[in-house]
Amino acid sequence: MAGEDFTEIHYNHHDPEVAQDPYSIFAQVRAKCPLGHSDALGGFYFPTTFEGVKRIFSDYRHFTSTEGAGLPDQVIRLLPVDLDPPQHTRWRRVLNRFFTLDAAQADRDRIQTIVDGLIDRFIGRGSADLVGELTRPLLAFTTLPVLGVPIEDQQMLSDKLLWMVHNRTADHDGWLTRYMEMGEYLTGIVAKRRSAAPQDDLVQCLIDEEFDGRRLSDQEGYQVIMLTLFGALDSTSSAMSGSLYHLAENPADKTRLLSGEVPWAVAIEEFLRITSPIQALRRTVLQPTEVDGGMLNPGDVVLAVNGAGNRDPDKFPEPDKCVIDRDARDHLSFGAGAHVCIGRHYARIMIEICLKTMLQRIPDFVVPADFMPDYTPSEARALKSLPVSFTPRPV
């Protein structure tokens, strides 16, 4: 039922049924009063226009991150995402050097080697699950060395973190168990590295640098690494698998990309828009303000729903269609404002290398005719699997 200045509707990003098609919910809200409200998870508001979502991300004076960026609240604060400027800015200034465009570009050869090595494992078989065998392991092998986490632990970390992201409300006791295990593991890494030979990675940075005039504790180092791992092992994989699914179903777009008719840089922005791997992040209202035609008051919880902003027809005509030559550079898949995703340069380069290499080496991959996509719920939305078949080829 539509209220005076918001539209009441059931929306819960942790609901497995909602995860299969959240966009129809956003369209229903947008067609009435574009500010939605749901009673789920204690109650929250969510704008559905591009400008409304962008403002929530950008206007930290009205919408704070200090009450947490997840809904429901996380057991721990994740740094620096749960900070506002200027504290957030100082943290990002220290961390940025590991994730600059130059750093990502310098890593191209290593990323290409990893992609080729993963494809080598299944190219002769004629079938693969591109989520389990390509996109998720690619993220782990690429980013864990940058973070300073042992690569031999990548499977354990990936399994635990993915479970934690997508089961936070379904099994709270299980979530707490894994949280304790991860805390012990990551604080242990930081503690051991304090007495080890220095290395050029994120863990060393967290040990050596001063934040707000002091060194970090092992617990604070854990809070930074935990946040980075969530992004490193899940969200970019979601964008890659969703893009590969589109290409498997649309061979004409494969041809347009391979021929150079559509530049990769253009197509990647549209893939990021249509997949919206991070669906929603929380903010809390600090001052009375109006968003999408509705009034919000201090203490109100708001979800900045990336997926809703990316499907606003006033910004992106025919928003539910993936149009690979569309100019989608303004998409909100990396958020906006001070909290724009720190890993966006790495993400774009990994997506490009992964997709381009698949099309060059296995151009005829297709999904089974009876394949029904199944998406994970939570702040991040991702395909659980992507089975494909193709002509077997020699390595």
# chains A, B, ... in the order shown; residues from 1 in each chain; ligands from 1

call {"tool": "residues_around", "arguments": {"residues": "A:Pro22", "least_positions_apart": "6", "cutoff": "12 Å", "atoms": "only C-alpha atoms", "output": "VMD selection string"}}
result
chain A and resid 9 to 16 28 to 29 48 275 to 276 279 to 280 305 to 308 311 320 375 to 379 381

call {"tool": "write_last_selection", "arguments": {"atoms": "C-alpha atoms", "output": "compact mmCIF listing (two decimals), in the first residue's frame"}}
result
# COMPACT_ATOMS: atom_id res chain seq x y z
CA ILE A 9 6.36 -3.17 0.17
CA HIS A 10 8.09 -6.38 1.24
CA TYR A 11 11.76 -6.11 0.36
CA ASN A 12 14.50 -8.01 2.17
CA HIS A 13 17.82 -8.42 0.38
CA HIS A 14 18.53 -11.49 2.55
CA ASP A 15 15.41 -13.29 1.29
CA PRO A 16 16.40 -16.01 -1.24
CA GLN A 28 6.81 -1.35 -8.46
CA VAL A 29 8.04 1.20 -5.93
CA THR A 48 14.73 3.60 -6.15
CA THR A 275 24.91 -7.19 -12.80
CA SER A 276 25.09 -4.74 -9.85
CA GLN A 279 22.99 -4.68 -4.26
CA ALA A 280 22.60 -2.51 -1.17
CA VAL A 305 20.25 0.13 -3.30
CA ASN A 306 22.84 0.10 -6.09
CA GLY A 307 20.69 -2.30 -8.08
CA ALA A 308 17.69 0.05 -8.00
CA ARG A 311 17.79 0.12 -13.27
CA ASP A 320 16.56 -4.39 -17.87
CA TYR A 375 21.24 -16.09 -7.09
CA THR A 376 22.61 -15.71 -3.59
CA PRO A 377 20.88 -13.25 -1.22
CA SER A 378 22.53 -10.54 0.93
CA GLU A 379 24.21 -7.19 0.25
CA ARG A 381 23.97 -10.84 -5.26

call {"tool": "residues_around", "arguments": {"residues": "A:Lys192", "least_positions_apart": "5", "cutoff": "10 Å", "atoms": "only C-alpha atoms", "output": "short mmCIF file (atom, residue, chain, number, x, y, z; two decimals) with N, CA, C and O atoms, in the first residue's frame"}}
result
data_model
loop_
_atom_site.label_atom_id
_atom_site.label_comp_id
_atom_site.auth_asym_id
_atom_site.auth_seq_id
_atom_site.Cartn_x
_atom_site.Cartn_y
_atom_site.Cartn_z
N LEU A 186 42.88 -14.31 11.23
CA LEU A 186 43.42 -13.06 10.68
C LEU A 186 44.20 -12.25 11.72
O LEU A 186 45.22 -11.65 11.38
N THR A 187 43.74 -12.22 12.97
CA THR A 187 44.53 -11.53 13.99
C THR A 187 45.85 -12.28 14.19
O THR A 187 46.89 -11.66 14.47
N ASP A 218 46.05 -5.57 16.55
CA ASP A 218 45.79 -6.74 15.71
C ASP A 218 44.31 -6.82 15.34
O ASP A 218 43.95 -7.19 14.22
#

call {"tool": "residues_around", "arguments": {"residues": "A:Arg168", "least_positions_apart": "4", "cutoff": "12 Å", "atoms": "only C-alpha atoms", "output": "list in words"}}
result
His13, His14, Asp15, Leu41, Gly70, Leu71, Pro72, Asp73, Gln74, Val75, Lys160, Leu161, Leu162, Trp163, Met164, His172, Asp173, Gly174, Trp175, Leu176, Thr177, Arg178, Tyr179, Thr376, Pro377, Ser378, Glu379 and Ala380 of chain A

call {"tool": "write_last_selection", "arguments": {"atoms": "C-alpha atoms", "output": "compact mmCIF listing (two decimals), in the first residue's frame"}}
result
# COMPACT_ATOMS: atom_id res chain seq x y z
CA HIS A 13 17.82 -8.42 0.38
CA HIS A 14 18.53 -11.49 2.55
CA ASP A 15 15.41 -13.29 1.29
CA LEU A 41 15.01 -6.35 9.44
CA GLY A 70 25.35 -3.73 6.71
CA LEU A 71 21.75 -4.54 7.58
CA PRO A 72 21.24 -6.24 9.95
CA ASP A 73 24.18 -4.88 11.89
CA GLN A 74 27.49 -6.74 11.70
CA VAL A 75 29.01 -8.18 14.86
CA LYS A 160 34.13 -19.26 4.94
CA LEU A 161 33.69 -15.72 3.63
CA LEU A 162 31.18 -16.62 0.95
CA TRP A 163 29.14 -18.54 3.49
CA MET A 164 29.28 -15.59 5.89
CA HIS A 172 23.24 -16.74 13.01
CA ASP A 173 24.97 -19.34 15.19
CA GLY A 174 26.87 -20.69 12.19
CA TRP A 175 27.81 -17.13 11.25
CA LEU A 176 29.18 -16.45 14.73
CA THR A 177 31.22 -19.64 14.65
CA ARG A 178 32.86 -18.68 11.36
CA TYR A 179 33.34 -15.10 12.56
CA THR A 376 22.61 -15.71 -3.59
CA PRO A 377 20.88 -13.25 -1.22
CA SER A 378 22.53 -10.54 0.93
CA GLU A 379 24.21 -7.19 0.25
CA ALA A 380 25.99 -9.01 -2.59

call {"tool": "residues_around", "arguments": {"residues": "A:Phe98", "least_positions_apart": "4", "cutoff": "12 Å", "atoms": "only C-alpha atoms", "output": "list in words"}}
result
Arg92, Arg93, Val94, Asp102, Ala103, Ala104, Gln105, Ala106, Asp107, Thr143, Pro145, Val146, Leu147, Gly148, Asp200, Asp201, Leu202, Val203, Gln204, Cys205, Leu206, Thr228, Ile342, Gly343, Arg344, His345 and Tyr346 of chain A

call {"tool": "residues_around", "arguments": {"residues": "A:Arg125", "least_positions_apart": "5", "cutoff": "9 Å", "atoms": "only C-alpha atoms", "output": "JSON, numbers by chain"}}
result
{"A": [389, 390, 391, 392, 393]}

call {"tool": "atom_distance", "arguments": {"atom1": "atom CA of A:Ala170", "atom2": "atom CA of A:Glu17"}}
result
13.0 Å

call {"tool": "closest_residue", "arguments": {"among": "A:Glu290, A:Asp330, A:Glu352, A:Asp312", "to": "A:Leu257", "atoms": "only C-alpha atoms"}}
result
A:Glu352

call {"tool": "closest_residue", "arguments": {"among": "A:Pro80, A:Gly52, A:Pro298, A:Gly36", "to": "A:Leu332", "atoms": "only C-alpha atoms"}}
result
A:Gly52
